[in-house]
file upload21.cif (mmCIF, C-alpha atoms)
data_entry
loop_
_atom_site.label_atom_id
_atom_site.label_comp_id
_atom_site.auth_asym_id
_atom_site.auth_seq_id
_atom_site.Cartn_x
_atom_site.Cartn_y
_atom_site.Cartn_z
CA MET H 1 -3.74 17.30 23.53
CA GLU H 2 -1.29 17.41 20.64
CA LEU H 3 -2.12 13.79 20.05
CA MET H 4 -5.77 14.72 19.73
CA ILE H 5 -4.96 17.38 17.17
CA GLU H 6 -2.67 15.00 15.33
CA LEU H 7 -5.43 12.41 15.27
CA ILE H 8 -8.00 14.90 14.05
CA VAL H 9 -5.73 16.06 11.26
CA ASN H 10 -4.52 12.65 10.18
CA LEU H 11 -7.91 10.98 10.27
CA GLY H 12 -10.37 13.82 10.05
CA LEU H 13 -9.06 15.62 7.02
CA PRO H 14 -9.00 12.58 4.71
CA LEU H 15 -12.38 11.61 6.08
CA VAL H 16 -13.88 14.97 5.19
CA LEU H 17 -12.33 14.74 1.74
CA LEU H 18 -13.71 11.25 1.33
CA ILE H 19 -17.23 12.30 2.25
CA LEU H 20 -17.04 15.33 -0.01
CA ALA H 21 -15.65 13.30 -2.89
CA TYR H 22 -18.21 10.56 -2.43
CA PHE H 23 -21.18 12.85 -2.64
CA ALA H 24 -19.81 15.10 -5.33
CA GLY H 25 -18.55 12.18 -7.38
CA THR H 26 -21.79 10.22 -7.11
CA LEU H 27 -23.81 13.25 -8.13
CA LEU H 28 -21.60 14.04 -11.11
CA GLU H 29 -21.61 10.42 -12.22
CA ARG H 30 -25.36 10.08 -11.96
CA ASN H 31 -25.93 13.24 -13.99
CA HIS H 32 -23.43 12.14 -16.57
CA TYR H 33 -25.05 8.75 -17.00
CA ARG H 34 -28.44 10.38 -17.37
CA SER H 35 -27.11 12.60 -20.12
CA ILE H 36 -25.40 9.66 -21.79
CA ARG H 37 -28.55 7.56 -21.89
CA VAL H 38 -30.62 10.37 -23.33
CA ARG H 39 -28.10 11.06 -26.05
CA GLU H 40 -27.63 7.38 -26.83
CA SER H 41 -31.34 7.05 -27.39
CA ARG H 42 -31.36 10.09 -29.58
CA SER H 43 -28.44 8.98 -31.70
CA ARG H 44 -29.29 5.32 -32.03
CA ARG H 45 -30.19 5.74 -35.67
CA MET H 46 -26.60 6.46 -36.60
CA PRO H 47 -24.74 3.17 -36.83
CA VAL H 48 -21.24 2.96 -35.49
CA ILE H 49 -19.40 -0.11 -36.62
CA ASN H 50 -15.81 -1.16 -36.30
CA PHE H 51 -15.42 -3.14 -39.51
CA ARG H 52 -12.48 -1.76 -41.36
CA ARG H 53 -14.49 -1.38 -44.54
CA ALA H 54 -18.01 -0.22 -45.01
CA PRO H 55 -20.48 -2.86 -46.25
CA THR H 56 -20.17 -3.23 -49.99
CA THR H 57 -23.87 -2.57 -50.45
CA TRP H 58 -23.42 0.96 -49.27
CA ASP H 59 -23.06 3.61 -51.93
CA ILE H 60 -20.68 6.03 -50.26
CA ARG H 61 -20.56 9.59 -51.52
CA ASP H 62 -18.46 11.26 -48.90
CA SER H 63 -16.22 10.30 -46.00
CA GLY H 64 -13.91 11.86 -43.47
CA LEU H 65 -12.23 11.44 -40.10
CA VAL H 66 -14.42 11.91 -37.07
CA THR H 67 -13.13 11.98 -33.50
CA GLY H 68 -14.65 12.05 -30.07
CA HIS H 69 -12.56 12.79 -27.08
CA VAL H 70 -13.20 13.10 -23.34
CA VAL H 71 -11.08 13.61 -20.23
CA ILE H 72 -12.51 12.57 -16.86
CA SER H 73 -10.87 12.97 -13.47
CA VAL H 74 -10.86 10.35 -10.73
CA ASP H 75 -12.36 11.65 -7.52
CA TYR H 76 -10.71 11.13 -4.14
CA PHE H 77 -13.21 8.51 -3.04
CA LYS H 78 -12.69 6.32 -6.12
CA ARG H 79 -8.96 6.66 -5.77
CA PHE H 80 -9.13 5.65 -2.11
CA LEU H 81 -11.11 2.53 -2.96
CA ALA H 82 -8.65 1.71 -5.73
CA GLY H 83 -5.79 2.19 -3.28
CA LEU H 84 -7.36 -0.37 -0.95
CA ARG H 85 -7.81 -2.71 -3.88
CA ALA H 86 -4.14 -2.25 -4.66
CA ILE H 87 -3.42 -4.03 -1.38
CA VAL H 88 -5.80 -6.95 -1.64
CA GLY H 89 -6.36 -7.22 -5.38
CA GLY H 90 -9.58 -7.92 -7.22
CA ARG H 91 -11.76 -5.91 -9.56
CA VAL H 92 -11.38 -2.18 -9.10
CA LYS H 93 -15.09 -1.59 -9.32
CA SER H 94 -14.76 2.09 -8.56
CA TYR H 95 -12.91 2.64 -11.82
CA GLU H 96 -15.29 0.49 -13.88
CA SER H 97 -18.03 3.09 -14.03
CA LEU H 98 -15.49 5.80 -14.71
CA LEU H 99 -14.12 4.07 -17.78
CA ASP H 100 -17.55 2.95 -18.90
CA ARG H 101 -18.91 6.48 -18.99
CA ALA H 102 -15.77 7.86 -20.53
CA ARG H 103 -15.91 5.35 -23.37
CA ARG H 104 -19.59 5.86 -24.02
CA GLU H 105 -19.15 9.62 -23.90
CA ALA H 106 -16.32 9.48 -26.41
CA ILE H 107 -18.38 7.36 -28.79
CA LEU H 108 -21.31 9.73 -28.42
CA ARG H 109 -19.05 12.60 -29.32
CA VAL H 110 -17.88 10.72 -32.41
CA LYS H 111 -21.52 10.37 -33.42
CA GLU H 112 -22.18 14.01 -32.73
CA GLN H 113 -19.23 15.13 -34.77
CA ALA H 114 -20.27 12.80 -37.58
CA HIS H 115 -23.80 14.17 -37.44
CA GLU H 116 -22.52 17.75 -37.56
CA ALA H 117 -20.48 16.93 -40.63
CA GLY H 118 -23.46 15.40 -42.31
CA TYR H 119 -22.41 11.76 -42.21
CA ASP H 120 -24.83 8.88 -41.86
CA ALA H 121 -22.62 6.31 -40.20
CA VAL H 122 -19.20 5.79 -38.71
CA VAL H 123 -17.00 2.99 -39.92
CA ASN H 124 -13.76 1.55 -38.52
CA LEU H 125 -14.25 2.86 -35.04
CA ARG H 126 -11.17 2.67 -32.84
CA ILE H 127 -10.84 3.56 -29.19
CA GLN H 128 -7.70 4.59 -27.33
CA THR H 129 -7.36 5.04 -23.59
CA SER H 130 -4.70 7.13 -21.92
CA ARG H 131 -3.85 7.48 -18.27
CA LEU H 132 -3.45 10.94 -16.86
CA ALA H 133 -0.51 10.83 -14.53
CA ASN H 134 -0.74 12.25 -11.04
CA SER H 135 1.73 15.12 -10.95
CA ARG H 136 2.20 14.94 -7.19
CA ARG H 137 3.39 11.38 -6.86
CA ASN H 138 6.13 11.30 -9.49
CA GLY H 139 3.77 10.07 -12.16
CA GLN H 140 2.41 7.18 -10.18
CA GLY H 141 -1.24 6.97 -9.34
CA LEU H 142 -4.14 7.98 -11.47
CA ALA H 143 -5.29 11.56 -11.84
CA GLY H 144 -7.76 10.83 -14.57
CA VAL H 145 -8.39 9.05 -17.83
CA GLU H 146 -8.63 10.24 -21.39
CA ILE H 147 -10.54 8.33 -24.05
CA LEU H 148 -10.14 9.07 -27.70
CA ALA H 149 -12.53 7.44 -30.18
CA PHE H 150 -12.07 7.93 -33.88
CA GLY H 151 -13.34 6.48 -37.09
CA THR H 152 -14.37 7.23 -40.63
CA GLY H 153 -17.62 9.06 -41.06
CA VAL H 154 -19.39 8.11 -44.29
CA LYS H 155 -22.22 9.74 -46.18
CA ARG H 156 -24.36 7.32 -48.19
CA ALA H 157 -26.23 8.08 -51.39
CA SER H 158 -29.56 6.99 -50.00
CA ILE H 159 -30.57 5.29 -46.78
CA SER H 160 -32.13 1.93 -47.51
CA MET O 161 -26.94 -5.72 -44.08
CA GLU O 162 -29.91 -5.91 -41.76
CA TRP O 163 -29.51 -3.44 -39.00
CA GLU O 164 -31.77 -2.55 -36.06
CA PRO O 165 -30.96 0.64 -34.18
CA ARG O 166 -30.86 -0.23 -30.50
CA ASP O 167 -29.68 1.24 -27.22
CA PRO O 168 -26.52 -0.21 -25.69
CA PRO O 169 -27.25 -2.66 -22.82
CA GLU O 170 -26.49 -1.55 -19.25
CA GLY O 171 -24.97 -3.33 -16.30
CA ILE O 172 -22.45 -5.51 -18.10
CA ASN O 173 -19.30 -3.44 -18.02
CA VAL O 174 -20.03 -1.97 -14.61
CA THR O 175 -20.34 -4.28 -11.63
CA PRO O 176 -23.48 -3.30 -9.72
CA THR O 177 -21.85 -3.01 -6.29
CA HIS O 178 -22.67 -0.02 -4.15
CA PRO O 179 -19.40 1.87 -3.55
CA LEU O 180 -20.17 2.35 0.14
CA SER O 181 -20.60 -1.35 0.73
CA GLU O 182 -17.32 -1.96 -1.06
CA LEU O 183 -15.66 0.66 1.14
CA VAL O 184 -16.95 -0.98 4.30
CA THR O 185 -15.89 -4.46 3.18
CA LEU O 186 -12.39 -3.37 2.19
CA VAL O 187 -11.74 -1.25 5.27
CA ALA O 188 -13.10 -3.86 7.68
CA GLY O 189 -11.08 -6.59 5.96
CA ILE O 190 -7.82 -4.68 5.97
CA VAL O 191 -8.24 -3.44 9.54
CA GLY O 192 -9.09 -6.96 10.67
CA VAL O 193 -6.03 -8.49 9.04
CA THR O 194 -3.78 -5.76 10.42
CA VAL O 195 -5.04 -6.32 13.94
CA VAL O 196 -4.39 -10.04 13.63
CA ILE O 197 -0.87 -9.45 12.33
CA ALA O 198 -0.19 -6.93 15.10
CA LEU O 199 -1.36 -9.34 17.78
CA VAL O 200 0.38 -12.43 16.42
CA GLY O 201 3.59 -10.57 15.60
CA GLY O 202 3.58 -8.89 18.98
CA PHE O 203 3.13 -12.22 20.70
CA PHE O 204 6.16 -13.75 19.03
CA LEU O 205 8.32 -10.68 19.50
CA ASP O 206 7.48 -10.61 23.18
CA ALA O 207 8.52 -14.21 23.59
CA ALA O 208 11.77 -13.51 21.78
CA PHE O 209 12.70 -10.43 23.76
CA GLN O 210 11.79 -11.91 27.09
CA ARG O 211 14.61 -14.35 26.52
CA LEU O 212 17.28 -11.75 25.93
CA PRO O 213 19.67 -12.13 28.84
CA PRO O 214 20.40 -8.87 30.72
CA ARG O 215 24.15 -9.13 30.23
CA LEU O 216 23.69 -9.42 26.47
CA GLU O 217 21.25 -6.56 26.65
CA THR O 218 23.79 -4.39 28.47
CA ARG O 219 26.45 -5.31 25.95
CA ILE O 220 24.25 -4.46 22.97
CA PHE O 221 22.63 -1.30 24.25
CA GLY O 222 25.15 -0.14 26.81
CA SER O 223 26.91 2.46 24.71
CA PHE O 224 23.98 3.05 22.41
CA TRP O 225 22.42 5.86 24.41
CA SER O 226 25.45 7.81 25.44
CA GLY O 227 25.18 10.37 22.67
CA LEU O 228 21.41 10.49 22.50
CA PHE O 229 20.48 12.76 25.38
CA GLU O 230 22.09 15.95 26.44
CA GLU O 231 23.44 15.06 29.82
CA ALA O 232 23.33 17.49 32.71
CA THR O 233 26.52 16.59 34.48
CA ASP O 234 27.21 17.71 38.04
CA HIS O 235 23.63 18.17 39.10
CA PRO O 236 23.77 18.71 42.87
CA ARG O 237 21.25 15.95 43.53
CA ALA O 238 22.64 13.40 41.09
CA ALA O 239 24.82 11.52 43.55
CA ALA O 240 22.09 11.25 46.16
CA ALA O 241 19.66 10.08 43.51
CA GLU O 242 22.01 7.34 42.38
CA GLU O 243 22.52 6.27 45.97
CA LEU O 244 18.75 6.09 46.45
CA LEU O 245 18.50 3.98 43.31
CA ASP O 246 20.98 1.48 44.71
CA ARG O 247 19.14 1.42 48.01
CA LEU O 248 15.85 0.68 46.31
CA ALA O 249 17.43 -2.01 44.19
CA THR O 250 18.38 -3.91 47.30
CA HIS O 251 14.67 -4.62 47.77
CA TRP O 252 14.63 -6.28 44.37
CA PRO O 253 16.71 -9.39 45.04
CA ASP O 254 16.47 -10.73 41.49
CA ASN O 255 17.91 -7.59 39.94
CA PRO O 256 20.21 -8.74 37.12
CA TYR O 257 21.37 -5.27 36.07
CA GLU O 258 24.23 -3.05 37.03
CA LEU O 259 22.08 -0.02 37.50
CA ARG O 260 23.32 3.44 36.62
CA LEU O 261 21.65 6.83 36.87
CA ARG O 262 22.10 9.75 34.50
CA VAL O 263 20.58 13.19 34.55
CA VAL O 264 19.34 14.57 31.25
CA ALA O 265 18.84 18.22 30.45
CA PHE O 266 15.05 18.46 30.12
CA GLU O 267 12.94 20.86 32.11
CA GLU O 268 9.85 18.67 32.25
CA PRO O 269 9.89 16.24 35.18
CA ASN O 270 10.27 12.78 33.70
CA ALA O 271 12.26 9.56 33.96
CA PHE O 272 13.14 6.81 31.51
CA ALA O 273 14.19 3.19 31.70
CA ILE O 274 16.78 2.62 29.01
CA PRO O 275 17.96 -0.80 27.81
CA GLY O 276 21.13 -1.87 29.56
CA GLY O 277 20.15 -0.89 33.09
CA LEU O 278 20.33 2.86 32.67
CA VAL O 279 17.81 5.04 34.48
CA ALA O 280 17.62 8.57 33.10
CA VAL O 281 15.95 11.32 35.11
CA THR O 282 15.39 14.85 33.92
CA GLU O 283 16.77 17.97 35.54
CA GLY O 284 13.21 19.12 36.00
CA LEU O 285 12.38 16.06 38.06
CA LEU O 286 15.31 16.51 40.42
CA ASP O 287 14.69 20.24 40.77
CA GLU O 288 11.01 19.94 41.56
CA LEU O 289 10.88 16.98 43.90
CA GLU O 290 9.89 17.72 47.44
CA SER O 291 10.76 14.54 49.26
CA GLU O 292 12.87 11.45 48.89
CA ASN O 293 9.72 9.34 48.87
CA GLU O 294 8.56 11.01 45.69
CA LEU O 295 11.79 10.25 43.85
CA ALA O 296 11.79 6.76 45.31
CA PHE O 297 8.46 6.03 43.67
CA VAL O 298 9.64 7.36 40.30
CA LEU O 299 12.84 5.31 40.44
CA GLY O 300 10.90 2.30 41.64
CA HIS O 301 8.55 2.72 38.70
CA GLU O 302 11.49 2.65 36.30
CA LEU O 303 12.86 -0.41 38.06
CA GLY O 304 9.44 -1.92 37.49
CA HIS O 305 9.95 -1.45 33.76
CA PHE O 306 13.27 -3.26 33.98
CA GLU O 307 11.71 -6.05 35.98
CA GLY O 308 9.00 -6.62 33.41
CA ARG O 309 11.48 -6.10 30.54
CA HIS O 310 9.06 -3.43 29.27
CA HIS O 311 11.80 -1.26 27.90
CA LEU O 312 12.85 -4.04 25.59
CA ARG O 313 9.37 -4.99 24.61
CA GLY O 314 8.52 -1.46 23.62
CA LEU O 315 11.64 -1.14 21.54
CA GLY O 316 11.71 -4.35 19.61
CA ARG O 317 8.03 -4.78 19.16
CA GLY O 318 7.22 -1.31 17.90
CA LEU O 319 10.18 -1.10 15.60
CA ILE O 320 9.93 -4.44 13.88
CA LEU O 321 6.17 -4.35 13.65
CA GLN O 322 6.14 -0.93 12.00
CA LEU O 323 8.86 -2.12 9.63
CA GLY O 324 6.99 -5.27 8.69
CA LEU O 325 3.77 -3.46 8.06
CA ALA O 326 5.47 -0.79 5.99
CA VAL O 327 6.96 -3.49 3.77
CA LEU O 328 3.68 -5.36 3.44
CA PHE O 329 1.45 -2.41 2.88
CA GLY O 330 3.72 0.01 1.09
CA GLY O 331 0.93 1.55 -0.92
CA SER O 332 -1.12 4.69 -1.37
CA ALA O 333 -4.26 5.07 0.72
CA GLY O 334 -3.53 1.74 2.30
CA GLU O 335 -0.51 3.21 4.04
CA THR O 336 -1.97 5.28 6.81
CA LEU O 337 -4.79 2.97 7.79
CA PRO O 338 -2.86 -0.12 8.96
CA LEU O 339 -0.11 1.90 10.63
CA LEU O 340 -2.67 3.87 12.55
CA VAL O 341 -4.41 0.74 13.77
CA ALA O 342 -1.15 -0.83 14.77
CA GLY O 343 -0.18 2.35 16.56
CA ILE O 344 -3.32 2.33 18.67
CA ALA O 345 -2.95 -1.35 19.43
CA GLU O 346 0.57 -0.55 20.62
CA THR O 347 -0.45 2.14 23.04
CA ARG O 348 -2.91 -0.06 24.93
CA PHE O 349 -0.03 -2.42 25.65
CA LEU O 350 2.17 0.38 26.93
CA ARG O 351 -0.52 1.49 29.34
CA ASP O 352 -0.56 -1.95 30.90
CA HIS O 353 3.20 -1.65 31.29
CA GLU O 354 2.78 1.65 33.07
CA ARG O 355 0.32 0.12 35.46
CA GLU O 356 2.60 -2.81 36.23
CA ALA O 357 5.52 -0.46 36.79
CA ASP O 358 3.41 1.67 39.13
CA ARG O 359 2.60 -1.36 41.23
CA PHE O 360 6.23 -2.46 41.40
CA GLY O 361 7.34 1.05 42.32
CA LEU O 362 4.83 1.27 45.12
CA ALA O 363 5.98 -2.06 46.54
CA LEU O 364 9.61 -0.88 46.57
CA VAL O 365 8.65 2.35 48.31
CA TYR O 366 6.85 0.38 51.00
CA ARG O 367 9.81 -1.92 51.52
CA GLU O 368 12.18 1.01 51.88
CA TYR O 369 10.16 3.32 54.12
CA GLY O 370 7.48 1.10 55.66
CA HIS O 371 4.76 3.35 54.24
CA VAL O 372 3.73 4.88 50.92
CA ALA O 373 3.02 8.48 51.84
CA GLY O 374 4.28 10.97 49.30
CA ALA O 375 4.68 8.39 46.56
CA ASP O 376 2.10 9.89 44.23
CA ASP O 377 3.20 13.52 44.66
CA PHE O 378 4.90 13.18 41.30
CA PHE O 379 1.58 12.88 39.50
CA GLY O 380 0.47 16.26 40.75
CA LYS O 381 3.32 17.79 38.75
CA LEU O 382 2.44 16.20 35.43
CA PRO O 383 0.71 18.35 32.80
CA ASP O 384 -2.50 16.35 32.91
CA ALA O 385 -2.95 16.63 36.67
CA ASP O 386 -6.39 18.18 36.17
CA ALA O 387 -7.75 15.85 33.56
CA ASP O 388 -10.70 17.09 31.56
CA LEU O 389 -12.72 15.40 28.87
CA ALA O 390 -10.27 16.21 26.09
CA ASP O 391 -7.47 14.66 28.09
CA ARG O 392 -9.51 11.55 28.72
CA ILE O 393 -10.26 11.07 25.05
CA GLY O 394 -6.63 11.78 24.26
CA SER O 395 -5.60 9.31 26.93
CA TRP O 396 -7.57 6.56 25.30
CA VAL O 397 -5.05 6.61 22.51
CA ALA O 398 -2.13 7.94 24.50
CA SER O 399 0.48 5.72 26.03
CA HIS O 400 0.05 6.75 29.65
CA PRO O 401 -3.16 6.43 31.61
CA VAL O 402 -4.43 9.72 32.97
CA SER O 403 -2.77 10.79 36.21
CA GLU O 404 -6.01 10.72 38.17
CA ASP O 405 -6.55 7.10 37.20
CA ARG O 406 -3.02 6.20 38.18
CA ILE O 407 -3.41 7.80 41.62
CA GLU O 408 -6.66 5.97 42.12
CA ALA O 409 -5.08 2.69 41.11
CA LEU O 410 -2.20 3.24 43.53
CA ASP O 411 -4.57 4.07 46.39
CA ALA O 412 -6.52 0.92 45.67
CA LEU O 413 -3.34 -1.12 45.63
CA ALA O 414 -2.13 0.39 48.91
CA ILE O 415 -5.43 -0.51 50.55
CA GLU O 416 -5.37 -4.00 49.07
CA ARG O 417 -1.85 -4.71 50.30
CA ARG O 418 -2.35 -2.83 53.56
CA TYR O 419 0.48 -0.39 53.01
CA PRO O 420 0.18 2.47 55.49
CA ARG O 421 -0.60 5.60 53.53
CA GLU O 422 0.45 8.02 56.21
CA GLY O 423 3.99 8.49 57.39
CA ALA O 424 6.83 10.91 57.76
CA LEU O 425 8.34 12.08 54.48
CA THR O 426 12.10 11.88 54.24
CA PRO O 427 13.52 15.16 52.98
CA PHE O 428 15.86 14.83 50.05
CA ALA O 429 19.54 14.83 50.92
CA ASP O 430 21.00 17.71 48.93
CA ALA O 431 24.68 17.87 48.22
CA SER O 432 24.75 21.10 50.15
CA ASP O 433 23.78 19.31 53.39
#
call {"tool": "encode", "arguments": {"input": "upload21.cif", "output": "structure tokens"}}
result
Amino acid sequence: MELMIELIVNLGLPLVLLILAYFAGTLLERNHYRSIRVRESRSRRMPVINFRRAPTTWDIRDSGLVTGHVVISVDYFKRFLAGLRAIVGGRVKSYESLLDRARREAILRVKEQAHEAGYDAVVNLRIQTSRLANSRRNGQGLAGVEILAFGTGVKRASIS
Amino acid sequence: MEWEPRDPPEGINVTPTHPLSELVTLVAGIVGVTVVIALVGGFFLDAAFQRLPPRLETRIFGSFWSGLFEEATDHPRAAAAEELLDRLATHWPDNPYELRLRVVAFEEPNAFAIPGGLVAVTEGLLDELESENELAFVLGHELGHFEGRHHLRGLGRGLILQLGLAVLFGGSAGETLPLLVAGIAETRFLRDHEREADRFGLALVYREYGHVAGADDFFGKLPDADADLADRIGSWVASHPVSEDRIEALDALAIERRYPREGALTPFADASD
């Protein structure tokens, strides 16, 4: 009987967590992507380029630093899949969507900040990714990811 | 600069694999490989340990267990039990061991076959037994383990396999899964050992007494004597088959080999007699 209980705890608990994480994570991700696509459509008129200098034809009146920053946590299901990948190798597909949305979200926030400040475009965009360490496992493992995007917002004299 | 505002393209930086299908593929693959390793590794370990000569075994393991169990010295039935063990062993002509019997201080009736030819019985077993025949079956069962070298197989196999897998798969989520599978694969093997030992024990009882009455009284004392559904599910992963099944198997064997199942039970010779 103790073996039964042991089995239930050792298998059942992670299984419940996995199911919970899968559904919650999928829902959150789907909603996030929906929001991202809507905002990308809305902000497509603001160019974001990563040339170091603005095009010489632009008549720039104002400029300033703009940043966009997002922190996203890895859910249990994604981490489990990544753990399995850690054994056999290959593309960690579960993290791909995580990083994709984080990056796009950060860039959208750069645009939003630039828009708030009255800029027309963002030049010299740079992106930095940081790993959030898992406090439980001595810093190993991935608790989440932080993306910082920053660039120079520029205001042009007239939009041509 | 000519510039067209456009939406970023989708589906390039994210591989369009459904996470559930990836989960199934990975789990099935890892479980499959683990099972293969467990089977192949077990096969080779078996072959290796089968070849360990009993004298070498006694030399290696002989003193290993002396400090492990709390021994109950001077149990009134210990001497008679050891004498019974020797008597039973005479019906096993190929016995390569110098058999010894020790009594360990556990209340639950149980017995163990320990590498080196040591049979350990618990205080609880000696206290609760009702007839010599009952003890004879238990001792015969342990002798059956020695005969099939089960005690060695269990030791070497489990240990080295767990070690190897831990080295190979020392990772995060990947840790529990392979070990669990290997663990379950292990227990099926042990149950076959128990069955073989039961059969050997029964044969020895028959050779000593001419009948097998009283041999399965021991099972009535085990905790799972009234097996219900929970026990049965538990037994699927547990190392011992359920008592009911063992009794049935023994009855079937007795019928098959025409052992008389009725006979006078020999009372146990207490030291006080």
call {"tool": "resolve_selection", "arguments": {"input": "upload21.cif", "expression": "the PyMOL selection byres ((chain H) within 7 of (chain O))", "output": "mmCIF file with C-alpha atoms, in the frame of the given file"}}
result
data_model
loop_
_atom_site.group_PDB
_atom_site.id
_atom_site.type_symbol
_atom_site.label_atom_id
_atom_site.label_comp_id
_atom_site.auth_asym_id
_atom_site.auth_seq_id
_atom_site.Cartn_x
_atom_site.Cartn_y
_atom_site.Cartn_z
ATOM 1 C CA MET H 1 -3.740 17.300 23.530
ATOM 2 C CA LEU H 3 -2.120 13.790 20.050
ATOM 3 C CA MET H 4 -5.770 14.720 19.730
ATOM 4 C CA GLU H 40 -27.630 7.380 -26.830
ATOM 5 C CA SER H 41 -31.340 7.050 -27.390
ATOM 6 C CA ARG H 44 -29.290 5.320 -32.030
ATOM 7 C CA ARG H 45 -30.190 5.740 -35.670
ATOM 8 C CA PHE H 80 -9.130 5.650 -2.110
ATOM 9 C CA LEU H 81 -11.110 2.530 -2.960
ATOM 10 C CA GLY H 83 -5.790 2.190 -3.280
ATOM 11 C CA LEU H 84 -7.360 -0.370 -0.950
ATOM 12 C CA ILE H 87 -3.420 -4.030 -1.380
ATOM 13 C CA LYS H 93 -15.090 -1.590 -9.320
ATOM 14 C CA SER H 94 -14.760 2.090 -8.560
ATOM 15 C CA GLU H 96 -15.290 0.490 -13.880
ATOM 16 C CA SER H 97 -18.030 3.090 -14.030
ATOM 17 C CA ASP H 100 -17.550 2.950 -18.900
#
call {"tool": "resolve_selection", "arguments": {"input": "upload21.cif", "expression": "the PyMOL selection byres ((chain H and resi 143) around 7)", "output": "ChimeraX atom specification"}}
result
/H:73-74,132-134,141-142,144
call {"tool": "closest_residue", "arguments": {"input": "upload21.cif", "among": "H:Ala24, H:Ile5, H:Leu11, H:Ile107", "to": "H:Thr67", "atoms": "all atoms listed in the file"}}
result
H:Ile107
call {"tool": "residues_around", "arguments": {"input": "upload21.cif", "residues": "H:Arg103", "least_positions_apart": "6", "cutoff": "12 Å", "atoms": "all atoms listed in the file", "output": "PyMOL selection string"}}
result
(chain H and resi 33+36+68-72+96-97+109-110+126-130+145-150) or (chain O and resi 173)
call {"tool": "atom_distance", "arguments": {"input": "upload21.cif", "atom1": "atom CA of O:Val263", "atom2": "atom CA of O:Arg406"}}
result
24.9 Å
call {"tool": "resolve_selection", "arguments": {"input": "upload21.cif", "expression": "the PyMOL selection byres ((chain O and resi 278-290) around 6)", "output": "list in words"}}
result
Leu259, Arg260, Leu261, Arg262, Val263, Val264, Ala265, Phe266, Glu267, Glu268, Pro269, Asn270, Ala271, Phe272, Ala273, Ile274, Gly276, Gly277 and Ser291 of chain O
call {"tool": "residues_around", "arguments": {"input": "upload21.cif", "residues": "O:Pro214", "least_positions_apart": "2", "cutoff": "8 Å", "atoms": "only C-alpha atoms", "output": "VMD selection string"}}
result
chain O and resid 212 216 to 218 256 to 257 276
call {"tool": "atom_distance", "arguments": {"input": "upload21.cif", "atom1": "atom CA of H:Gly89", "atom2": "atom CA of H:Leu27"}}
result
27.0 Å
call {"tool": "residues_around", "arguments": {"input": "upload21.cif", "residues": "O:Arg417", "least_positions_apart": "2", "cutoff": "12 Å", "atoms": "all atoms listed in the file", "output": "count of residues only"}}
result
15
call {"tool": "residues_around", "arguments": {"input": "upload21.cif", "residues": "H:Tyr95", "least_positions_apart": "3", "cutoff": "8 Å", "atoms": "all atoms listed in the file", "output": "number ranges by chain"}}
result
H: 78, 82, 92, 98-99
